[in-house]
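First up is the structure itself, then whatever we jot down about it.
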Amino acid sequence: MKKIVLYISILCFTTALQAQDITTMWPYKYSDFRNGTVYFINKKTLSAPVNVHLLKSTLHYLDSDQVKEVTTSEIVLVQIDEDNYFMRDNQLMRVLSGDSTGFVAELVLADFGALTESGGAYGSSSNVQATRKLSSLEIGGISITNHMELKSNKESGSLLPLNTKYFIVTPDAVYPATKKGIESQLPDNKKDAFKQFLKQNKVAWKRPESLSALLNFFKD
């Protein structure tokens with residue numbers, strides 16, 4: 001029993017440490033750049049060490065020891081180890097289930113706003129103050145682009161909370177994976193069918209694995 005408790009304690013501690021890896025100096029999805037393949041609209045590919053930058057969910061890659069950003073509008077698909085990302089709404093969305101004809105997607109963004117939130121001063125709006133603070137931050141991969149320098153300073157930055165959202169992505173639209181979000185974007189002639197679908201299929205909206213049932217509605 002003591003061994004089990006100890007194991008759980010170590011697991012929780014390890015998880016906490018992993019969560020702390022996301023900082024202003026290392027605002028990346030992965031703990032280091034990983035081998036990946038990028039597929040472009042023009043049918044060309046790029047194989048390089050890559051990572052997902054969590055400021056705007058863009059793709060960075062290593063050219064020698066320099067961090068560079070891939071032009072978002074030219075990306076079709078990114079494969080990083082076992083993870084697949086499609087580009088939608090100018091953001092990389094990780095595929096949780098489905099395929100290019102329709103999939104459940106995860107979008108993770110670092111909450112830089114949490115570092116800049118404060119009331120405005122001397123008549124300035126809080127939004128203006130936040131923009132100034134954000135522009136003055138040293139952000140890994142943007143203001144500092146040397147890979148070795150980033151790695152050596154990754155834990156010296158401010159910790160960043162993460163915002164995770166889920167979407168249902170079809171060839172025609174990107175729907176927030178909420179009942180209200182989907183209904184608001186459906187044409188009127190499909191809203192009744194959607195309500196009927198939900199009566200026949202239980203969807204746990206807060207569980208990503210349950211959202212894949214919604215793909216059947218859009219395929220039909």
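FYI, nothing fancy with the structure tokens labels: chains A, B, ... in order, residues from 1 per chain, ligands from 1 as they appear.
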
Legend entry - Selection near A:Ala48, 7 Å with only C-alpha atoms, sequence-local residues under 5 positions removed, as a PyMOL selection string: chain A and resi 35-37+61-62

Inset, instruction - Provide the atom CA of A:Glu106 to atom CA of A:Thr45 distance in Å, to one decimal place. - result: 23.5 Å

Inset, instruction - Using only C-alpha atoms, pick whichever of A:Val104, A:Leu55, A:Ile144, A:Val67 has the shortest atom-to-atom distance to A:Lys165. - result: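 Checking each candidate against A:Lys165, we get A:Val104 as the closest.
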
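Interatomic distance, atom CA of A:Leu215 against atom CA of A:Val203: 11.4 Å.
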
Legend entry - Those of chain A in DSSP helix (DSSP H, G or I), formatted as a PyMOL selection string: chain A and resi 2-19+72-74+113-116+126-136+147-153+179-185+188-200+208-219

What would the file look like if the residues just selected were written as a PDB file, in the first residue's frame with C-alpha atoms?
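Output file selection.pdb is given in full below:
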```
ATOM      1  CA  LYS A   2       2.837   2.356   0.910  1.00  0.00           C
ATOM      2  CA  LYS A   3       4.470   1.589  -2.437  1.00  0.00           C
ATOM      3  CA  ILE A   4       1.263   2.487  -4.268  1.00  0.00           C
ATOM      4  CA  VAL A   5       0.926   5.769  -2.380  1.00  0.00           C
ATOM      5  CA  LEU A   6       4.573   6.556  -3.088  1.00  0.00           C
ATOM      6  CA  TYR A   7       4.113   5.766  -6.779  1.00  0.00           C
ATOM      7  CA  ILE A   8       1.072   8.033  -6.992  1.00  0.00           C
ATOM      8  CA  SER A   9       2.964  10.814  -5.223  1.00  0.00           C
ATOM      9  CA  ILE A  10       5.874  10.493  -7.645  1.00  0.00           C
ATOM     10  CA  LEU A  11       3.466  10.418 -10.600  1.00  0.00           C
ATOM     11  CA  CYS A  12       1.688  13.569  -9.426  1.00  0.00           C
ATOM     12  CA  PHE A  13       5.000  15.301  -8.827  1.00  0.00           C
ATOM     13  CA  THR A  14       6.262  14.315 -12.289  1.00  0.00           C
ATOM     14  CA  THR A  15       3.049  15.549 -13.883  1.00  0.00           C
ATOM     15  CA  ALA A  16       3.412  18.861 -12.071  1.00  0.00           C
ATOM     16  CA  LEU A  17       6.971  19.220 -13.336  1.00  0.00           C
ATOM     17  CA  GLN A  18       5.857  18.501 -16.883  1.00  0.00           C
ATOM     18  CA  ALA A  19       3.171  21.158 -16.608  1.00  0.00           C
ATOM     19  CA  THR A  72       1.064  29.107 -41.820  1.00  0.00           C
ATOM     20  CA  SER A  73      -1.000  29.595 -44.976  1.00  0.00           C
ATOM     21  CA  GLU A  74       1.129  27.103 -46.919  1.00  0.00           C
ATOM     22  CA  GLY A 113      -2.902  37.133 -21.192  1.00  0.00           C
ATOM     23  CA  ALA A 114      -2.690  35.750 -17.663  1.00  0.00           C
ATOM     24  CA  LEU A 115       0.689  37.487 -17.342  1.00  0.00           C
ATOM     25  CA  THR A 116      -0.534  40.822 -18.614  1.00  0.00           C
ATOM     26  CA  SER A 126      -6.417  47.264 -19.696  1.00  0.00           C
ATOM     27  CA  ASN A 127      -6.211  45.917 -23.285  1.00  0.00           C
ATOM     28  CA  VAL A 128      -3.681  48.591 -24.221  1.00  0.00           C
ATOM     29  CA  GLN A 129      -1.653  47.893 -21.092  1.00  0.00           C
ATOM     30  CA  ALA A 130      -1.742  44.151 -21.788  1.00  0.00           C
ATOM     31  CA  THR A 131      -0.548  44.655 -25.376  1.00  0.00           C
ATOM     32  CA  ARG A 132       2.373  46.772 -24.170  1.00  0.00           C
ATOM     33  CA  LYS A 133       3.332  44.189 -21.553  1.00  0.00           C
ATOM     34  CA  LEU A 134       3.136  41.336 -24.057  1.00  0.00           C
ATOM     35  CA  SER A 135       5.292  43.184 -26.588  1.00  0.00           C
ATOM     36  CA  SER A 136       7.921  43.779 -23.901  1.00  0.00           C
ATOM     37  CA  HIS A 147      17.944  26.650 -29.949  1.00  0.00           C
ATOM     38  CA  MET A 148      20.684  26.039 -27.381  1.00  0.00           C
ATOM     39  CA  GLU A 149      20.001  29.366 -25.677  1.00  0.00           C
ATOM     40  CA  LEU A 150      16.311  28.536 -25.484  1.00  0.00           C
ATOM     41  CA  LYS A 151      16.947  25.117 -23.954  1.00  0.00           C
ATOM     42  CA  SER A 152      19.345  26.457 -21.365  1.00  0.00           C
ATOM     43  CA  ASN A 153      16.870  29.147 -20.292  1.00  0.00           C
ATOM     44  CA  LYS A 179     -23.859  22.089 -28.216  1.00  0.00           C
ATOM     45  CA  LYS A 180     -24.373  25.836 -28.514  1.00  0.00           C
ATOM     46  CA  GLY A 181     -21.309  26.287 -30.710  1.00  0.00           C
ATOM     47  CA  ILE A 182     -22.474  23.710 -33.247  1.00  0.00           C
ATOM     48  CA  GLU A 183     -26.123  24.811 -33.270  1.00  0.00           C
ATOM     49  CA  SER A 184     -25.127  28.433 -33.860  1.00  0.00           C
ATOM     50  CA  GLN A 185     -23.337  27.504 -37.090  1.00  0.00           C
ATOM     51  CA  ASP A 188     -31.870  26.175 -39.979  1.00  0.00           C
ATOM     52  CA  ASN A 189     -32.826  23.089 -41.984  1.00  0.00           C
ATOM     53  CA  LYS A 190     -30.327  20.951 -40.035  1.00  0.00           C
ATOM     54  CA  LYS A 191     -30.971  22.112 -36.478  1.00  0.00           C
ATOM     55  CA  ASP A 192     -33.897  19.766 -35.852  1.00  0.00           C
ATOM     56  CA  ALA A 193     -31.878  16.833 -37.172  1.00  0.00           C
ATOM     57  CA  PHE A 194     -29.051  17.757 -34.825  1.00  0.00           C
ATOM     58  CA  LYS A 195     -31.373  17.858 -31.813  1.00  0.00           C
ATOM     59  CA  GLN A 196     -32.722  14.437 -32.783  1.00  0.00           C
ATOM     60  CA  PHE A 197     -29.192  13.099 -33.186  1.00  0.00           C
ATOM     61  CA  LEU A 198     -28.297  14.233 -29.659  1.00  0.00           C
ATOM     62  CA  LYS A 199     -31.370  12.478 -28.254  1.00  0.00           C
ATOM     63  CA  GLN A 200     -30.215   9.219 -29.826  1.00  0.00           C
ATOM     64  CA  PRO A 208     -12.792  14.485 -25.993  1.00  0.00           C
ATOM     65  CA  GLU A 209     -13.153  10.744 -26.604  1.00  0.00           C
ATOM     66  CA  SER A 210     -16.949  11.114 -26.576  1.00  0.00           C
ATOM     67  CA  LEU A 211     -16.941  13.875 -29.192  1.00  0.00           C
ATOM     68  CA  SER A 212     -16.078  11.484 -32.021  1.00  0.00           C
ATOM     69  CA  ALA A 213     -19.754  10.409 -32.114  1.00  0.00           C
ATOM     70  CA  LEU A 214     -20.527  13.835 -33.573  1.00  0.00           C
ATOM     71  CA  LEU A 215     -18.553  12.991 -36.701  1.00  0.00           C
ATOM     72  CA  ASN A 216     -21.343  10.607 -37.721  1.00  0.00           C
ATOM     73  CA  PHE A 217     -23.814  13.458 -37.812  1.00  0.00           C
ATOM     74  CA  PHE A 218     -21.697  15.481 -40.225  1.00  0.00           C
ATOM     75  CA  LYS A 219     -20.933  12.468 -42.418  1.00  0.00           C
TER      76      LYS A 219
END
```

Legend entry - stretch 9-203 of chain A: residues DSSP assigns to strand (DSSP E), reported as a PyMOL selection string: chain A and resi 34-40+45-53+58-63+66-69+75-80+83-88+91-99+102-110+162-169+174-176

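Taking atom CA of A:Leu162 as the reference point, atom CA of A:Tyr28 is found at 10.9 Å.
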
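Comparing A:Leu96, A:Val169, A:Leu159, A:Ile75 by their smallest distance to A:Leu59, the closest is A:Ile75 (using only C-alpha atoms).
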
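Among the candidates A:Ile168, A:Val76, A:Arg88, A:Lys154, the one nearest to A:Tyr30 when counting only C-alpha atoms is A:Lys154.
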
Legend entry - Long-range neighbours of A:Thr23 as a VMD selection string, 10 Å cut-off, only C-alpha atoms, 5 positions minimum in chain: chain A and resid 28 110 112 139 to 140 153 to 161

Please, could you write that set of residues out with all heavy atoms as an mmCIF file, in the first residue's frame?
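File result.cif, as written:
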```cif
data_model
loop_
_atom_site.group_PDB
_atom_site.id
_atom_site.type_symbol
_atom_site.label_atom_id
_atom_site.label_comp_id
_atom_site.auth_asym_id
_atom_site.auth_seq_id
_atom_site.Cartn_x
_atom_site.Cartn_y
_atom_site.Cartn_z
ATOM 1 N N TYR A 28 6.330 25.958 -25.920
ATOM 2 C CA TYR A 28 6.193 24.940 -26.952
ATOM 3 C C TYR A 28 5.405 23.738 -26.444
ATOM 4 O O TYR A 28 5.420 23.411 -25.261
ATOM 5 C CB TYR A 28 7.570 24.462 -27.431
ATOM 6 C CG TYR A 28 8.293 25.452 -28.317
ATOM 7 C CD1 TYR A 28 9.346 26.219 -27.820
ATOM 8 C CD2 TYR A 28 7.918 25.618 -29.647
ATOM 9 C CE1 TYR A 28 10.013 27.125 -28.633
ATOM 10 C CE2 TYR A 28 8.577 26.515 -30.466
ATOM 11 C CZ TYR A 28 9.618 27.270 -29.959
ATOM 12 O OH TYR A 28 10.271 28.171 -30.763
ATOM 13 N N ALA A 110 -1.010 28.799 -25.118
ATOM 14 C CA ALA A 110 -0.509 29.306 -23.849
ATOM 15 C C ALA A 110 -1.213 30.616 -23.532
ATOM 16 O O ALA A 110 -1.400 31.465 -24.400
ATOM 17 C CB ALA A 110 1.001 29.520 -23.929
ATOM 18 N N PHE A 112 -0.879 33.775 -22.483
ATOM 19 C CA PHE A 112 -0.003 34.907 -22.197
ATOM 20 C C PHE A 112 -0.780 36.040 -21.533
ATOM 21 O O PHE A 112 -0.218 36.850 -20.804
ATOM 22 C CB PHE A 112 0.643 35.421 -23.489
ATOM 23 C CG PHE A 112 1.779 34.565 -23.966
ATOM 24 C CD1 PHE A 112 1.541 33.441 -24.739
ATOM 25 C CD2 PHE A 112 3.088 34.875 -23.650
ATOM 26 C CE1 PHE A 112 2.582 32.641 -25.184
ATOM 27 C CE2 PHE A 112 4.143 34.088 -24.087
ATOM 28 C CZ PHE A 112 3.885 32.966 -24.853
ATOM 29 N N ILE A 139 10.033 36.280 -25.413
ATOM 30 C CA ILE A 139 9.286 35.074 -25.727
ATOM 31 C C ILE A 139 10.180 34.134 -26.514
ATOM 32 O O ILE A 139 10.692 34.492 -27.584
ATOM 33 C CB ILE A 139 8.012 35.390 -26.527
ATOM 34 C CG1 ILE A 139 7.101 36.316 -25.719
ATOM 35 C CG2 ILE A 139 7.267 34.105 -26.890
ATOM 36 C CD1 ILE A 139 5.865 36.753 -26.454
ATOM 37 N N GLY A 140 10.372 32.948 -25.974
ATOM 38 C CA GLY A 140 11.185 31.957 -26.645
ATOM 39 C C GLY A 140 10.660 31.629 -28.026
ATOM 40 O O GLY A 140 9.462 31.457 -28.224
ATOM 41 N N ASN A 153 17.623 28.156 -21.067
ATOM 42 C CA ASN A 153 16.870 29.147 -20.292
ATOM 43 C C ASN A 153 15.380 28.812 -20.172
ATOM 44 O O ASN A 153 14.608 29.651 -19.703
ATOM 45 C CB ASN A 153 17.015 30.534 -20.922
ATOM 46 C CG ASN A 153 18.400 31.111 -20.773
ATOM 47 O OD1 ASN A 153 18.807 31.541 -19.697
ATOM 48 N ND2 ASN A 153 19.172 31.095 -21.861
ATOM 49 N N LYS A 154 14.984 27.598 -20.567
ATOM 50 C CA LYS A 154 13.551 27.291 -20.646
ATOM 51 C C LYS A 154 12.838 27.411 -19.297
ATOM 52 O O LYS A 154 11.670 27.753 -19.236
ATOM 53 C CB LYS A 154 13.311 25.907 -21.252
ATOM 54 C CG LYS A 154 13.835 24.770 -20.418
ATOM 55 C CD LYS A 154 13.160 23.429 -20.766
ATOM 56 C CE LYS A 154 13.314 23.046 -22.201
ATOM 57 N NZ LYS A 154 12.712 21.721 -22.487
ATOM 58 N N GLU A 155 13.537 27.126 -18.202
ATOM 59 C CA GLU A 155 12.890 27.162 -16.891
ATOM 60 C C GLU A 155 13.017 28.522 -16.207
ATOM 61 O O GLU A 155 12.485 28.719 -15.114
ATOM 62 C CB GLU A 155 13.466 26.071 -15.994
ATOM 63 C CG GLU A 155 13.167 24.660 -16.505
ATOM 64 C CD GLU A 155 13.737 23.587 -15.606
ATOM 65 O OE1 GLU A 155 14.328 23.950 -14.565
ATOM 66 O OE2 GLU A 155 13.595 22.391 -15.932
ATOM 67 N N SER A 156 13.704 29.454 -16.851
ATOM 68 C CA SER A 156 13.881 30.770 -16.236
ATOM 69 C C SER A 156 12.746 31.728 -16.574
ATOM 70 O O SER A 156 12.634 32.801 -15.991
ATOM 71 C CB SER A 156 15.212 31.388 -16.680
ATOM 72 O OG SER A 156 15.204 31.643 -18.076
ATOM 73 N N GLY A 157 11.891 31.349 -17.523
ATOM 74 C CA GLY A 157 10.778 32.209 -17.891
ATOM 75 C C GLY A 157 9.620 32.085 -16.922
ATOM 76 O O GLY A 157 9.621 31.262 -16.005
ATOM 77 N N SER A 158 8.613 32.916 -17.128
ATOM 78 C CA SER A 158 7.399 32.869 -16.304
ATOM 79 C C SER A 158 6.526 31.696 -16.729
ATOM 80 O O SER A 158 6.391 31.410 -17.921
ATOM 81 C CB SER A 158 6.608 34.174 -16.462
ATOM 82 O OG SER A 158 7.382 35.284 -16.049
ATOM 83 N N LEU A 159 5.933 31.016 -15.757
ATOM 84 C CA LEU A 159 5.055 29.885 -16.049
ATOM 85 C C LEU A 159 3.815 30.350 -16.781
ATOM 86 O O LEU A 159 3.262 31.412 -16.487
ATOM 87 C CB LEU A 159 4.664 29.170 -14.762
ATOM 88 C CG LEU A 159 5.792 28.504 -13.983
ATOM 89 C CD1 LEU A 159 5.242 27.877 -12.710
ATOM 90 C CD2 LEU A 159 6.491 27.453 -14.823
ATOM 91 N N LEU A 160 3.369 29.535 -17.722
ATOM 92 C CA LEU A 160 2.192 29.873 -18.519
ATOM 93 C C LEU A 160 1.103 28.821 -18.336
ATOM 94 O O LEU A 160 1.339 27.627 -18.573
ATOM 95 C CB LEU A 160 2.562 29.955 -20.002
ATOM 96 C CG LEU A 160 3.423 31.134 -20.435
ATOM 97 C CD1 LEU A 160 3.941 30.909 -21.853
ATOM 98 C CD2 LEU A 160 2.651 32.438 -20.349
ATOM 99 N N PRO A 161 -0.103 29.231 -17.948
ATOM 100 C CA PRO A 161 -1.230 28.290 -17.970
ATOM 101 C C PRO A 161 -1.635 28.019 -19.414
ATOM 102 O O PRO A 161 -1.315 28.797 -20.315
ATOM 103 C CB PRO A 161 -2.334 29.039 -17.215
ATOM 104 C CG PRO A 161 -1.993 30.485 -17.383
ATOM 105 C CD PRO A 161 -0.490 30.564 -17.457
#
```

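Using only C-alpha atoms, the contacts of A:Leu46 at a cut-off of 10 Å, with sequence neighbours closer than 3 positions omitted, comprise A:Gly36, A:Thr37, A:Val38, A:Tyr39, A:Phe40, A:Pro49, A:Val50, A:Tyr61, A:Val70, A:Val78.
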
Write the residues you've just listed into a file as a compact mmCIF listing (two decimals), in the first residue's frame, and include N, CA and C atoms for each of them.
```
# COMPACT_ATOMS: atom_id res chain seq x y z
N GLY A 36 9.88 15.74 -37.61
CA GLY A 36 8.53 15.87 -38.17
C GLY A 36 8.58 16.07 -39.67
N THR A 37 7.43 15.90 -40.29
CA THR A 37 7.29 16.12 -41.73
C THR A 37 6.15 17.09 -41.97
N VAL A 38 6.42 18.11 -42.78
CA VAL A 38 5.43 19.12 -43.10
C VAL A 38 5.02 18.96 -44.56
N TYR A 39 3.72 18.89 -44.80
CA TYR A 39 3.19 18.77 -46.16
C TYR A 39 2.57 20.11 -46.55
N PHE A 40 2.99 20.62 -47.73
CA PHE A 40 2.56 21.95 -48.16
C PHE A 40 1.53 21.87 -49.28
N PRO A 49 13.54 18.89 -37.53
CA PRO A 49 13.06 18.96 -36.14
C PRO A 49 12.06 20.10 -36.01
N VAL A 50 10.87 19.82 -35.48
CA VAL A 50 9.80 20.81 -35.42
C VAL A 50 9.19 20.84 -34.03
N TYR A 61 10.55 25.33 -36.82
CA TYR A 61 11.48 24.25 -37.15
C TYR A 61 12.91 24.73 -36.97
N VAL A 70 7.40 28.32 -40.01
CA VAL A 70 6.84 27.94 -41.30
C VAL A 70 5.65 28.85 -41.61
N VAL A 78 0.86 18.36 -40.78
CA VAL A 78 2.14 18.19 -40.08
C VAL A 78 2.08 16.89 -39.30
```

Inset, instruction - Tell me which protein, DNA and RNA residues are within 7 Å of A:Ser57, counting only C-alpha atoms, leaving out same-chain ones fewer than 5 positions away, and put them as a list in words. - result: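 The residues that qualify are Val52, Gln91, Leu92 and Leu109 of chain A.
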